[in-house]
Amino acid sequence: MADTSKYHCTRCNDEQQHRGVRWPEGFVCRRCYQQATRRRGTCPRCQRPDRLLPGLANDQPICTDCAGIDDPRLTCTRCGDQDEPHRRGLCARCCLTDDLTAEVPRV
Ligand SMILES: [Zn+2]
Ligand SMILES: [Zn+2]
Ligand SMILES: [Zn+2]
């Protein structure tokens with residue numbers, strides 16, 4: 001017997017999505033997680049520019065530090081930048097660099 005209330009997404013109120021993360025605000029389904037980790041900008045709380053803003057406070061996106069989100073997957077293991085998890089521990093930019101390096105034929 002599945003306890004669906006455990007999977008009540010705090011953002012979209014969906015209970016059918018059983019894949020997601022647990023953040024301080026509650027369960028966030030995979031769909032909302034993806035949306036959240038694509039948001040970037042200046043955090044309205046700490047005013048730091050170019051932050052990943054997956055948190056939510058009063059309907060405002062806030063950064064991981066302000067939201068208390070401790071998710072190592074959001075930090076690129078190579079360049080240390082925060083981004084939507086793209087490929088095993090690497091941000092989109094580092095993945096792209098890898099792809100380009102791999103695809104460019106050597107002259
Ligand atoms: Zn959701
Ligand atoms: Zn912040
Ligand atoms: Zn990176």
# chains A, B, ... in the order shown; residues from 1 in each chain; ligands from 1
$ closest_atom_pairs --of "range 5-49 of chain A" --to "range 68-82 of chain A" --cutoff "8 Å" --atoms "only C-alpha atoms" --output "JSON lines"
{"residue": "A:Trp23", "atom": "CA", "partner": "A:Ile69", "partner_atom": "CA", "distance": 6.1}
{"residue": "A:Pro24", "atom": "CA", "partner": "A:Gly68", "partner_atom": "CA", "distance": 6.6}
{"residue": "A:Thr37", "atom": "CA", "partner": "A:Leu74", "partner_atom": "CA", "distance": 7.8}
$ write_last_selection --atoms "C-alpha atoms" --output "PDB file, in the first residue's frame"
ATOM      1  CA  TRP A  23      13.720  19.835  -0.153  1.00  0.00           C
ATOM      2  CA  PRO A  24      13.185  21.890   2.994  1.00  0.00           C
ATOM      3  CA  THR A  37      16.756  23.858 -11.674  1.00  0.00           C
TER       4      THR A  37
END
$ select_by_dssp --residues "chain A" --states "strand (DSSP E)" --output "ChimeraX atom specification"
/A:20-23,26-29,40-41,51-52,55-57,60-62
$ closest_atom_pairs --of "chain A" --to "ligand 2" --cutoff "8 Å" --atoms "only C-alpha atoms and all ligand atoms" --output "tab-separated table"
residue	atom	partner	partner_atom_place_in_ligand_line	distance
A:Thr42	CA	ligand 2	1 (Zn)	7.9
A:Cys43	CA	ligand 2	1 (Zn)	4.6
A:Pro44	CA	ligand 2	1 (Zn)	6.6
A:Arg45	CA	ligand 2	1 (Zn)	4.9
A:Cys46	CA	ligand 2	1 (Zn)	4.1
A:Gln47	CA	ligand 2	1 (Zn)	6.4
A:Arg48	CA	ligand 2	1 (Zn)	6.4
A:Arg51	CA	ligand 2	1 (Zn)	7.8
A:Leu53	CA	ligand 2	1 (Zn)	7.9
A:Ile62	CA	ligand 2	1 (Zn)	5.5
A:Cys63	CA	ligand 2	1 (Zn)	4.3
A:Thr64	CA	ligand 2	1 (Zn)	6.7
A:Asp65	CA	ligand 2	1 (Zn)	5.6
A:Cys66	CA	ligand 2	1 (Zn)	4.4
A:Ala67	CA	ligand 2	1 (Zn)	7.4
$ residues_near_ligand --ligand "ligand 1" --cutoff "8 Å" --atoms "only C-alpha atoms and all ligand atoms" --output "number ranges by chain"
A: 8-14, 17, 28-33
$ write_last_selection --atoms "N, CA and C atoms" --output "CSV table (one decimal), in the first residue's frame"
chain,number,residue,atom,x,y,z
A,8,HIS,N,3.1,14.0,-2.2
A,8,HIS,CA,2.4,15.2,-2.6
A,8,HIS,C,3.3,16.3,-2.9
A,9,CYS,N,3.4,16.7,-4.2
A,9,CYS,CA,4.3,17.7,-4.6
A,9,CYS,C,3.9,19.0,-4.0
A,10,THR,N,4.8,19.7,-3.4
A,10,THR,CA,4.5,21.0,-2.7
A,10,THR,C,4.3,22.1,-3.7
A,11,ARG,N,4.7,21.8,-5.0
A,11,ARG,CA,4.6,22.9,-6.0
A,11,ARG,C,3.4,22.8,-6.9
A,12,CYS,N,3.2,21.6,-7.4
A,12,CYS,CA,2.1,21.4,-8.4
A,12,CYS,C,0.9,20.6,-7.8
A,13,ASN,N,1.1,20.1,-6.5
A,13,ASN,CA,0.0,19.4,-5.8
A,13,ASN,C,-0.3,18.0,-6.5
A,14,ASP,N,0.6,17.6,-7.4
A,14,ASP,CA,0.4,16.3,-8.0
A,14,ASP,C,0.9,15.2,-7.0
A,17,GLN,N,3.4,11.7,-9.2
A,17,GLN,CA,4.8,11.7,-9.6
A,17,GLN,C,5.6,11.2,-8.3
A,28,VAL,N,9.3,17.7,-3.9
A,28,VAL,CA,9.2,18.3,-5.2
A,28,VAL,C,9.3,17.3,-6.2
A,29,CYS,N,8.3,17.1,-7.1
A,29,CYS,CA,8.3,16.1,-8.1
A,29,CYS,C,9.3,16.4,-9.2
A,30,ARG,N,9.6,15.4,-9.9
A,30,ARG,CA,10.7,15.5,-10.9
A,30,ARG,C,10.4,16.6,-11.9
A,31,ARG,N,9.2,16.7,-12.3
A,31,ARG,CA,8.8,17.8,-13.3
A,31,ARG,C,9.1,19.2,-12.7
A,32,CYS,N,8.7,19.4,-11.5
A,32,CYS,CA,8.9,20.7,-10.9
A,32,CYS,C,10.4,20.9,-10.6
A,33,TYR,N,11.1,19.8,-10.2
A,33,TYR,CA,12.5,19.9,-10.0
A,33,TYR,C,13.2,20.3,-11.2
$ closest_residue --among "A:Thr101, A:Leu96, A:Gly41, A:Leu90" --to "ligand 3" --atoms "only C-alpha atoms and all ligand atoms"
A:Leu90
$ residues_around --residues "Arg39 in chain A" --least-positions-apart "3" --cutoff "9 Å" --atoms "only C-alpha atoms" --output "PyMOL selection string"
chain A and resi 35-36+51-54+61+83-84
$ write_last_selection --atoms "C-alpha atoms" --output "PDB file, in the first residue's frame"
ATOM      1  CA  GLN A  35      11.677  23.478 -13.918  1.00  0.00           C
ATOM      2  CA  ALA A  36      13.215  24.750 -10.715  1.00  0.00           C
ATOM      3  CA  ARG A  51      22.681  32.007  -9.161  1.00  0.00           C
ATOM      4  CA  LEU A  52      20.675  28.910  -9.674  1.00  0.00           C
ATOM      5  CA  LEU A  53      17.268  29.664  -8.165  1.00  0.00           C
ATOM      6  CA  PRO A  54      15.518  26.388  -7.431  1.00  0.00           C
ATOM      7  CA  PRO A  61      12.614  31.880  -6.839  1.00  0.00           C
ATOM      8  CA  ASP A  83      23.444  24.302 -12.854  1.00  0.00           C
ATOM      9  CA  GLU A  84      20.715  21.881 -13.690  1.00  0.00           C
TER      10      GLU A  84
END
$ atom_distance --atom1 "CA of Cys91 in chain A" --atom2 "atom 1 (Zn, counted along the ligand's line) of ligand 3"
4.2 Å
$ atom_distance --atom1 "CA of Ala92 in chain A" --atom2 "CA of Gly20 in chain A"
20.3 Å
$ atom_distance --atom1 "CA of Gln60 in chain A" --atom2 "CA of Glu25 in chain A"
13.1 Å
